[in-house]
Amino acid sequence: GSLMYLQVCTRPDIAFAVGVVSRFSSDPRRVHWGAVKKIFRYLQGSADTTLTLGGKPDAPLMELWTDSDYAGDHESRRSTTGFTVKVLGSTVIWASRRQKAVSRSSLEAEYIALSTGCQTLRWVAKLLAQLGFDFTSIPVYVDNQGAIETTKNGTHSEKTKHIDVAYKYGREALQSGFIELRYCPTEDMLADLLTKALGVEKLERFKKSLGITGHPLRTDQNTGQGTGRTKEQERQ
């Protein structure tokens, strides 16, 4: 519960890890407790980390970044949706959650993630409209060209014709002019942090882009893995 509270409020960098261990909360084993302790060690090594808001007046009013892994849960073979919403360059909403059904392709998994993210984006847009903000099409970043083309053209194939009507929300948002789809290379996809475990270098780069600031983690020279401690702590 403490980890859930932390990842929901200020630490999107642990959202994926907490989501994975939470799947076994009803019947935890030794390996799951070991994973939880690793999360706490990571938090201990990044105790000075903060989520910074503001300071970017030239940034777009709203942005959405959506991503998905493919069949990342080895037990259920379900994919994980990850998305983050930025307002004036500041990260205000993020989510990492397992999809409700098994996806038959990476295209389908990304398409579902796009629709899920757009629903949250609509809520944020309504809130900002009530506060007096005006906006046009909101940029939405996706790293799957197939999902972008399917959303734009509405084409049906063996890979897409079975997708439930509930996940057509992204296409409806695009047709109405609410969003504007933009391709983002996987190496620059911020929501990647919410769908899978990343190496230290990529993790630190995405944390900085999301506004998560603090001393960078130290990398073990022998294994290439993070030690869970900052360089300042290693010197002590």
# chains A, B, ... in the order shown; residues from 1 in each chain; ligands from 1

$ select_by_dssp --residues "region 5-209 of chain A" --states "strand (DSSP E)" --output "PyMOL selection string"
chain A and resi 50-51+62-68+80-87+90-98+138-142+179-183

$ write_last_selection --atoms "N, CA, C and O atoms" --output "short mmCIF file (atom, residue, chain, number, x, y, z; two decimals), in the first residue's frame"
data_model
loop_
_atom_site.label_atom_id
_atom_site.label_comp_id
_atom_site.auth_asym_id
_atom_site.auth_seq_id
_atom_site.Cartn_x
_atom_site.Cartn_y
_atom_site.Cartn_z
N THR A 50 12.72 14.23 -6.68
CA THR A 50 11.48 15.01 -6.62
C THR A 50 10.84 15.08 -8.00
O THR A 50 11.53 14.97 -9.02
N LEU A 51 9.54 15.26 -8.03
CA LEU A 51 8.81 15.48 -9.28
C LEU A 51 8.59 16.98 -9.43
O LEU A 51 7.85 17.59 -8.65
N MET A 62 -0.93 20.78 -23.64
CA MET A 62 -1.11 19.38 -23.26
C MET A 62 -0.37 18.48 -24.24
O MET A 62 -0.29 18.77 -25.43
N GLU A 63 0.13 17.36 -23.73
CA GLU A 63 0.75 16.32 -24.54
C GLU A 63 0.39 14.96 -23.94
O GLU A 63 0.24 14.84 -22.73
N LEU A 64 0.28 13.96 -24.81
CA LEU A 64 0.03 12.60 -24.36
C LEU A 64 1.06 11.67 -24.99
O LEU A 64 1.28 11.72 -26.19
N TRP A 65 1.66 10.83 -24.17
CA TRP A 65 2.61 9.82 -24.63
C TRP A 65 2.04 8.46 -24.26
O TRP A 65 1.75 8.20 -23.09
N THR A 66 1.86 7.58 -25.25
CA THR A 66 1.28 6.26 -24.97
C THR A 66 2.21 5.16 -25.50
O THR A 66 2.87 5.32 -26.52
N ASP A 67 2.23 4.05 -24.78
CA ASP A 67 3.08 2.93 -25.18
C ASP A 67 2.50 1.65 -24.61
O ASP A 67 1.64 1.67 -23.73
N SER A 68 2.98 0.54 -25.12
CA SER A 68 2.59 -0.77 -24.61
C SER A 68 3.70 -1.76 -24.90
O SER A 68 4.38 -1.66 -25.92
N THR A 80 0.95 -4.67 -21.21
CA THR A 80 0.86 -3.58 -20.23
C THR A 80 0.75 -2.24 -20.95
O THR A 80 1.56 -1.93 -21.82
N THR A 81 -0.26 -1.47 -20.59
CA THR A 81 -0.45 -0.12 -21.12
C THR A 81 0.27 0.88 -20.23
O THR A 81 0.20 0.81 -19.01
N GLY A 82 0.95 1.82 -20.87
CA GLY A 82 1.58 2.91 -20.14
C GLY A 82 1.31 4.22 -20.86
O GLY A 82 1.38 4.28 -22.08
N PHE A 83 0.95 5.24 -20.11
CA PHE A 83 0.76 6.56 -20.73
C PHE A 83 1.03 7.64 -19.70
O PHE A 83 0.94 7.43 -18.49
N THR A 84 1.39 8.81 -20.21
CA THR A 84 1.62 9.96 -19.34
C THR A 84 1.08 11.21 -20.02
O THR A 84 1.20 11.36 -21.24
N VAL A 85 0.47 12.07 -19.25
CA VAL A 85 -0.08 13.34 -19.74
C VAL A 85 0.75 14.48 -19.17
O VAL A 85 0.99 14.53 -17.95
N LYS A 86 1.19 15.37 -20.05
CA LYS A 86 1.92 16.56 -19.63
C LYS A 86 1.08 17.80 -19.84
O LYS A 86 0.38 17.91 -20.86
N VAL A 87 1.14 18.73 -18.92
CA VAL A 87 0.47 20.03 -19.03
C VAL A 87 1.55 21.10 -18.90
O VAL A 87 2.24 21.17 -17.87
N SER A 90 4.88 19.79 -17.79
CA SER A 90 4.97 19.12 -16.50
C SER A 90 4.13 17.85 -16.49
O SER A 90 3.00 17.84 -16.97
N THR A 91 4.70 16.79 -15.96
CA THR A 91 4.00 15.51 -15.88
C THR A 91 2.96 15.58 -14.76
O THR A 91 3.30 15.76 -13.60
N VAL A 92 1.69 15.40 -15.13
CA VAL A 92 0.62 15.52 -14.13
C VAL A 92 -0.15 14.21 -13.93
O VAL A 92 -0.74 13.98 -12.88
N ILE A 93 -0.18 13.36 -14.96
CA ILE A 93 -0.88 12.09 -14.84
C ILE A 93 -0.04 11.02 -15.52
O ILE A 93 0.53 11.25 -16.59
N TRP A 94 0.02 9.84 -14.92
CA TRP A 94 0.69 8.71 -15.54
C TRP A 94 0.00 7.43 -15.07
O TRP A 94 -0.68 7.41 -14.04
N ALA A 95 0.17 6.38 -15.84
CA ALA A 95 -0.46 5.10 -15.48
C ALA A 95 0.32 3.96 -16.10
O ALA A 95 0.86 4.08 -17.21
N SER A 96 0.39 2.88 -15.37
CA SER A 96 0.96 1.62 -15.86
C SER A 96 0.03 0.52 -15.40
O SER A 96 -0.07 0.25 -14.20
N ARG A 97 -0.68 -0.08 -16.34
CA ARG A 97 -1.68 -1.08 -15.94
C ARG A 97 -1.75 -2.20 -16.98
O ARG A 97 -1.57 -1.98 -18.18
N ARG A 98 -2.03 -3.37 -16.50
CA ARG A 98 -2.17 -4.52 -17.38
C ARG A 98 -3.49 -4.44 -18.14
O ARG A 98 -4.52 -4.09 -17.57
N ILE A 138 -4.44 18.28 -29.75
CA ILE A 138 -3.43 17.94 -28.76
C ILE A 138 -2.49 16.89 -29.35
O ILE A 138 -2.95 15.85 -29.84
N PRO A 139 -1.17 17.12 -29.31
CA PRO A 139 -0.23 16.12 -29.85
C PRO A 139 -0.21 14.85 -29.01
O PRO A 139 -0.13 14.90 -27.77
N VAL A 140 -0.32 13.72 -29.68
CA VAL A 140 -0.26 12.42 -29.03
C VAL A 140 0.87 11.62 -29.68
O VAL A 140 0.88 11.43 -30.90
N TYR A 141 1.81 11.16 -28.88
CA TYR A 141 3.00 10.49 -29.38
C TYR A 141 2.86 8.97 -29.23
O TYR A 141 2.56 8.46 -28.15
N VAL A 142 3.08 8.27 -30.35
CA VAL A 142 2.97 6.81 -30.40
C VAL A 142 4.20 6.27 -31.12
O VAL A 142 4.67 6.89 -32.09
N ILE A 179 -7.26 15.28 -31.15
CA ILE A 179 -5.85 14.93 -31.03
C ILE A 179 -5.17 14.97 -32.40
O ILE A 179 -5.83 14.96 -33.44
N GLU A 180 -3.86 15.02 -32.37
CA GLU A 180 -3.03 14.94 -33.57
C GLU A 180 -1.95 13.89 -33.32
O GLU A 180 -1.13 14.05 -32.40
N LEU A 181 -1.97 12.82 -34.10
CA LEU A 181 -1.02 11.73 -33.87
C LEU A 181 0.35 12.07 -34.43
O LEU A 181 0.47 12.58 -35.55
N ARG A 182 1.37 11.77 -33.66
CA ARG A 182 2.75 11.98 -34.08
C ARG A 182 3.58 10.74 -33.75
O ARG A 182 3.44 10.17 -32.67
N TYR A 183 4.40 10.35 -34.70
CA TYR A 183 5.26 9.19 -34.47
C TYR A 183 6.45 9.59 -33.60
O TYR A 183 7.08 10.63 -33.81
#

$ residues_around --residues "Gln175 (chain A)" --least-positions-apart "6" --cutoff "12 Å" --atoms "only C-alpha atoms" --output "short mmCIF file (atom, residue, chain, number, x, y, z; two decimals) with all heavy atoms, in the first residue's frame"
data_model
loop_
_atom_site.label_atom_id
_atom_site.label_comp_id
_atom_site.auth_asym_id
_atom_site.auth_seq_id
_atom_site.Cartn_x
_atom_site.Cartn_y
_atom_site.Cartn_z
N SER A 137 -5.78 20.99 -31.55
CA SER A 137 -5.47 19.55 -31.51
C SER A 137 -4.30 19.29 -30.57
O SER A 137 -3.29 19.99 -30.61
CB SER A 137 -5.13 19.06 -32.92
OG SER A 137 -6.26 19.15 -33.77
N THR A 151 -5.43 3.95 -36.81
CA THR A 151 -6.25 5.00 -36.20
C THR A 151 -6.64 6.05 -37.23
O THR A 151 -7.78 6.54 -37.23
CB THR A 151 -5.49 5.66 -35.04
OG1 THR A 151 -5.07 4.66 -34.11
CG2 THR A 151 -6.36 6.67 -34.32
N LYS A 152 -5.71 6.39 -38.11
CA LYS A 152 -5.99 7.43 -39.11
C LYS A 152 -6.95 6.95 -40.19
O LYS A 152 -7.91 7.64 -40.55
CB LYS A 152 -4.68 7.88 -39.77
CG LYS A 152 -3.81 8.77 -38.89
CD LYS A 152 -2.57 9.21 -39.66
CE LYS A 152 -1.74 10.18 -38.85
NZ LYS A 152 -0.53 10.62 -39.59
N ASN A 153 -6.71 5.75 -40.72
CA ASN A 153 -7.45 5.28 -41.90
C ASN A 153 -8.61 4.36 -41.56
O ASN A 153 -9.48 4.12 -42.42
CB ASN A 153 -6.49 4.56 -42.86
CG ASN A 153 -5.33 5.44 -43.27
OD1 ASN A 153 -5.48 6.64 -43.45
ND2 ASN A 153 -4.15 4.84 -43.39
N GLY A 154 -8.61 3.82 -40.35
CA GLY A 154 -9.70 2.92 -39.98
C GLY A 154 -9.70 1.63 -40.76
O GLY A 154 -10.74 0.98 -40.92
N LYS A 168 -12.09 1.91 -29.97
CA LYS A 168 -12.09 2.81 -31.11
C LYS A 168 -12.07 4.28 -30.67
O LYS A 168 -12.19 5.18 -31.50
CB LYS A 168 -13.35 2.56 -31.97
CG LYS A 168 -13.48 1.13 -32.49
CD LYS A 168 -12.41 0.77 -33.51
CE LYS A 168 -12.67 -0.62 -34.08
NZ LYS A 168 -11.67 -1.00 -35.07
N TYR A 169 -11.93 4.51 -29.40
CA TYR A 169 -11.99 5.87 -28.87
C TYR A 169 -10.91 6.76 -29.47
O TYR A 169 -11.12 7.94 -29.74
CB TYR A 169 -11.85 5.84 -27.34
CG TYR A 169 -12.21 7.13 -26.66
CD1 TYR A 169 -13.51 7.38 -26.24
CD2 TYR A 169 -11.25 8.12 -26.45
CE1 TYR A 169 -13.85 8.56 -25.62
CE2 TYR A 169 -11.57 9.31 -25.83
CZ TYR A 169 -12.87 9.53 -25.42
OH TYR A 169 -13.19 10.72 -24.81
N LEU A 181 -1.97 12.82 -34.10
CA LEU A 181 -1.02 11.73 -33.87
C LEU A 181 0.35 12.07 -34.43
O LEU A 181 0.47 12.58 -35.55
CB LEU A 181 -1.54 10.44 -34.52
CG LEU A 181 -2.78 9.81 -33.88
CD1 LEU A 181 -3.16 8.55 -34.62
CD2 LEU A 181 -2.52 9.49 -32.41
#

$ residues_around --residues "Ala147 (chain A)" --least-positions-apart "6" --cutoff "7 Å" --atoms "only C-alpha atoms" --output "list of chain:residue names"
A:Leu107, A:Glu110, A:Tyr111

$ write_last_selection --atoms "N, CA, C and O atoms" --output "PDB file, in the first residue's frame"
ATOM      1  N   LEU A 107       0.520  -4.362 -32.598  1.00  0.00           N
ATOM      2  CA  LEU A 107      -0.335  -3.293 -33.120  1.00  0.00           C
ATOM      3  C   LEU A 107      -1.586  -3.149 -32.257  1.00  0.00           C
ATOM      4  O   LEU A 107      -1.972  -2.035 -31.876  1.00  0.00           O
ATOM      5  N   GLU A 110      -0.756  -1.631 -28.819  1.00  0.00           N
ATOM      6  CA  GLU A 110      -0.505  -0.188 -28.911  1.00  0.00           C
ATOM      7  C   GLU A 110      -1.797   0.575 -29.180  1.00  0.00           C
ATOM      8  O   GLU A 110      -1.994   1.679 -28.665  1.00  0.00           O
ATOM      9  N   TYR A 111      -2.674  -0.002 -29.975  1.00  0.00           N
ATOM     10  CA  TYR A 111      -3.960   0.631 -30.303  1.00  0.00           C
ATOM     11  C   TYR A 111      -4.818   0.776 -29.046  1.00  0.00           C
ATOM     12  O   TYR A 111      -5.448   1.815 -28.815  1.00  0.00           O
TER      13      TYR A 111
END

$ closest_residue --among "A:Trp123, A:Phe206, A:Phe135, A:Phe178" --to "Leu61 (chain A)" --atoms "only C-alpha atoms"
A:Phe135

$ residues_around --residues "Lys37 (chain A)" --least-positions-apart "4" --cutoff "12 Å" --atoms "only C-alpha atoms" --output "list in words"
Leu3, Ala17, Val18, Val21, Arg30, Val31, His32, Trp33, Arg41, Tyr42, Leu43, Gln44 and Gly228 of chain A

$ select_by_dssp --residues "region 169-209 of chain A" --states "helix (DSSP H, G or I)" --output "ChimeraX atom specification"
/A:169-175,186-188,190-194,200-209

$ closest_residue --among "A:Asp73, A:Glu172, A:Asp143, A:Glu187" --to "Gln119 (chain A)" --atoms "only C-alpha atoms"
A:Glu172

$ closest_residue --among "A:Ser176, A:Thr49, A:Ser2, A:Ser26" --to "Pro216 (chain A)" --atoms "only C-alpha atoms"
A:Thr49

$ residues_around --residues "Lys207 (chain A)" --least-positions-apart "5" --cutoff "10 Å" --atoms "only C-alpha atoms" --output "ChimeraX atom specification"
/A:11-13,49,51,190,193,202,212-214,216

$ atom_distance --atom1 "CA of Thr195 (chain A)" --atom2 "CA of Arg78 (chain A)"
11.8 Å

$ closest_residue --among "A:Gly1, A:Pro28, A:His215, A:Ser105" --to "Gly146 (chain A)" --atoms "only C-alpha atoms"
A:Ser105

$ atom_distance --atom1 "CA of Gly132 (chain A)" --atom2 "CA of Leu88 (chain A)"
14.6 Å

$ atom_distance --atom1 "CA of Asp192 (chain A)" --atom2 "CA of Asp69 (chain A)"
8.2 Å
